[in-house]
2 protein chains.
Amino acid sequence: MTQTPEKIKQPAIFGGIHGNELTGLYLIKKFLKQPHLLERNTFTASPILGNLKAIEACTRFIDKDLNRCFDIESLETVSDETIIYEKQRAKEIKEIITSNNVDCIFDLHSTTADVGLSIILVNDHPFNLSLASYLSQINPEVRICSFFEKDQPTSFLNSLSPLGFAIEVGPIAQGVLDFSLFQKTENLINEILNYLDRWNSGITTSQSEFVTVYQKLMTVNFPLNSFNELNAFIHPEIQNFVAINPGDPLFISFDGEVINYTETQELYPYLVNEAAYYAYNLAFHLMKKNRSAITDPVGWVKEHNDGKR
Amino acid sequence: MTQTPEKIKQPAIFGGIHGNELTGLYLIKKFLKQPHLLERNTFTASPILGNLKAIEACTRFIDKDLNRCFDIESLETVSDETIIYEKQRAKEIKEIITSNNVDCIFDLHSTTADVGLSIILVNDHPFNLSLASYLSQINPEVRICSFFEKDQPTSFLNSLSPLGFAIEVGPIAQGVLDFSLFQKTENLINEILNYLDRWNSGITTSQSEFVTVYQKLMTVNFPLNSFNELNAFIHPEIQNFVAINPGDPLFISFDGEVINYTETQELYPYLVNEAAYYAYNLAFHLMKKNRSAITDPVGWVKEHNDGKR
């Protein structure tokens, strides 16, 4: 477990890690023009654009998904002329983070899936869970998901810092802006920055002892035909965060055959019908709904400090 | 006015004229595998895929929008090595249509805009209006739009035949399939083919004397800043087929300024927030809601024949 910090000194907010997810991208553009919006008493957060070439082209990526390039292997590969753009950009971003002493990263994404305002944790840091829990408490549209697998390194941007998480909002088509979803996302960022500012000022935010976290257990692929072509629709009963149980329908094949869920436990679909996943035949993730205890980061720090004295 | 035919001998249905609009594309793939679905007593319709390279890449187009390549100039340009793919494909499609004596074209599109099941006419042929009117009569989700401008040639696929029209369904993200929307679109095609079959058999379908047609009057562009960058959201009150009147809000700028509608007449937005339009800064079309008289094609043919005798 990484030590919970006493203060967040230099948070950063990313948009456009995927160049066709305009909600986060245009929010960062707004912050770049109006940096005072990211000022608080105890810090000024940095707005950073992700995949510059993909933003220009309004595509998810140019050569490789940038949000799969932050693993140690990619970051440590020696650069040469044939290196792909996103591996270069991942190294640039790591350099920006290091040279600016960024200590907390929020990464804005949007999705064609109807997920509302969702948070994706990639570690089990109590500070992140505590912040996410607070956000879900003040806004019931906020749901917390975790892609964390113990001892499994991730290649997401958020692997560069133990503090912070990705925010995944939807539904919205790629390449499109929606005023309401933009506002909701901006409000969420504001609440996050206010929380960080209170944290730095030693003001604790009371919250429940437990929080619902949807933990990723597996992915479900589309059924394919013998030519490896897509062969089914996601069943219309499959909805983000709505429980599926053994025997429930998952797919309807193009021939009308219903394909049922054969696992033995109740699980919850997430990122259902995300456009970018079709390239990988990925229909949705399946999450286990957990009641997670919130380790109070304040208490955690106090205990830590007491231990030091 | 082109003569109304006594019989439709060889209708064709296109999908994938835009390679990332999967609803029509997968419907055509289904018909290619199960051609009996397109058989009727008096004809068998042909399923045809549009932009083969864009379908492969799951993009709208490769070099140029194929559905803007069916103007006479593009079709008559002499081919050379530098010619762009879509101009070649437009010529191939024209050749397919000519050599197969296709006499009626239905072109399936989908959109990120919430338009339901909409029909786009590109001429004022009474047969097309009559068929569209029938479809709107049996299904209130069907709305009829017309992009027809007298004496203005179009570059759409549907300019290759006076009979038939485009079908634009939504909302759905690019690169995504939705079972319900697919079913609705397939049902619409079935109704069309049944109508053609009845027409060929001399069975008339009773309908109203008038029908609502949304006639395109103008397009509305996004406000841009001094760097020619997008500078506003479409106002959330702007909805497809919901009237706007003088003084109503059209946009909210990124600085929060509301930009109002200054035209003097009530008009109706169509294709609001279509992802592909962002490349052209096009926010939506504005349509005039007309009560159009339906010239009965049966009567039209009878009169025409009487005249010949």
# chains A, B, ... in the order shown; residues from 1 in each chain; ligands from 1

call {"tool": "calpha_fit_rmsd", "arguments": {"fixed": "chain A", "moving": "chain B"}}
result
0.1 Å

call {"tool": "residues_around", "arguments": {"residues": "A:Ala276", "least_positions_apart": "2", "cutoff": "8 Å", "atoms": "only C-alpha atoms", "output": "ChimeraX atom specification"}}
result
/A:60,274,278-279 /B:175

call {"tool": "residues_around", "arguments": {"residues": "B:Leu108", "least_positions_apart": "2", "cutoff": "6 Å", "atoms": "only C-alpha atoms", "output": "mmCIF file with N, CA and C atoms, in the first residue's frame"}}
result
data_model
loop_
_atom_site.group_PDB
_atom_site.id
_atom_site.type_symbol
_atom_site.label_atom_id
_atom_site.label_comp_id
_atom_site.auth_asym_id
_atom_site.auth_seq_id
_atom_site.Cartn_x
_atom_site.Cartn_y
_atom_site.Cartn_z
ATOM 1 N N PHE B 14 -29.354 -0.809 -50.266
ATOM 2 C CA PHE B 14 -27.945 -0.564 -49.956
ATOM 3 C C PHE B 14 -27.740 -0.384 -48.453
ATOM 4 N N GLY B 15 -26.623 -0.893 -47.970
ATOM 5 C CA GLY B 15 -26.155 -0.606 -46.620
ATOM 6 C C GLY B 15 -24.661 -0.362 -46.675
ATOM 7 N N GLY B 24 -27.560 -0.543 -41.022
ATOM 8 C CA GLY B 24 -27.845 -0.887 -42.419
ATOM 9 C C GLY B 24 -26.856 -1.902 -42.967
ATOM 10 N N ALA B 166 -33.641 7.413 -49.153
ATOM 11 C CA ALA B 166 -32.743 7.012 -48.071
ATOM 12 C C ALA B 166 -33.552 6.853 -46.785
ATOM 13 N N ILE B 167 -33.083 5.972 -45.923
ATOM 14 C CA ILE B 167 -33.692 5.763 -44.604
ATOM 15 C C ILE B 167 -32.612 6.063 -43.575
#

call {"tool": "closest_residue", "arguments": {"among": "A:Asn187, A:Thr59, A:Ser74, A:Ser130", "to": "chain B", "atoms": "only C-alpha atoms"}}
result
A:Thr59

call {"tool": "interface_residues", "arguments": {"of": "chain B", "to": "chain A", "cutoff": "8 Å", "atoms": "only C-alpha atoms", "output": "count of residues only"}}
result
21

call {"tool": "select_by_dssp", "arguments": {"residues": "stretch 69-185 of chain A", "states": "strand (DSSP E or B)", "output": "PyMOL selection string"}}
result
chain A and resi 104-110+116-121+142-146+164-170

call {"tool": "select_by_dssp", "arguments": {"residues": "stretch 1-111 of chain A", "states": "alpha helix (DSSP H)", "output": "PyMOL selection string"}}
result
chain A and resi 22-33+52-57+72-76+85-99

call {"tool": "closest_residue", "arguments": {"among": "A:Val258, A:Ile138, A:Leu25, A:Val102", "to": "A:Gln207", "atoms": "only C-alpha atoms"}}
result
A:Ile138

call {"tool": "closest_residue", "arguments": {"among": "B:Leu188, B:Leu121, B:Leu271, B:Ala12", "to": "B:Ser146", "atoms": "only C-alpha atoms"}}
result
B:Leu121

call {"tool": "closest_residue", "arguments": {"among": "A:Val211, A:Ala54, A:Leu217, A:Ile189", "to": "A:Phe31", "atoms": "only C-alpha atoms"}}
result
A:Ile189

call {"tool": "atom_distance", "arguments": {"atom1": "atom CA of A:Ser161", "atom2": "atom CA of A:Leu37"}}
result
23.0 Å

call {"tool": "residues_around", "arguments": {"residues": "stretch 39-48 of chain B", "least_positions_apart": "4", "cutoff": "10 Å", "atoms": "only C-alpha atoms", "output": "JSON, numbers by chain"}}
result
{"B": [7, 8, 9, 10, 11, 12, 13, 14, 15, 16, 17, 25, 27, 28, 29, 30, 31, 32, 33, 34, 35, 93, 96, 97, 100, 102, 104, 105, 106, 107, 193, 194, 196, 197, 198, 199, 200, 201]}

call {"tool": "atom_distance", "arguments": {"atom1": "atom CA of B:Thr154", "atom2": "atom CA of B:Glu73"}}
result
10.9 Å

call {"tool": "residues_around", "arguments": {"residues": "A:Lys94", "least_positions_apart": "4", "cutoff": "12 Å", "atoms": "only C-alpha atoms", "output": "list in words"}}
result
Ile48, Gly50, Cys69, Phe70, Asp71, Ile72, Ser74, Leu75, Glu76, Lys87, Gln88, Arg89, Ala90, Thr98, Ser99, Asn100, Asn101, Val102, Asp103, Ile105, Phe156, Leu157, Asn158, Ser159, Leu160 and Ser161 of chain A

call {"tool": "residues_around", "arguments": {"residues": "B:Arg143", "least_positions_apart": "6", "cutoff": "9 Å", "atoms": "only C-alpha atoms", "output": "count of residues only"}}
result
14

call {"tool": "closest_residue", "arguments": {"among": "A:Thr262, A:Ala283, A:Glu186, A:Gly202", "to": "A:Pro223", "atoms": "only C-alpha atoms"}}
result
A:Ala283

call {"tool": "closest_residue", "arguments": {"among": "B:Pro140, B:Gly164, B:Pro249, B:Pro297", "to": "B:Ile192", "atoms": "only C-alpha atoms"}}
result
B:Gly164
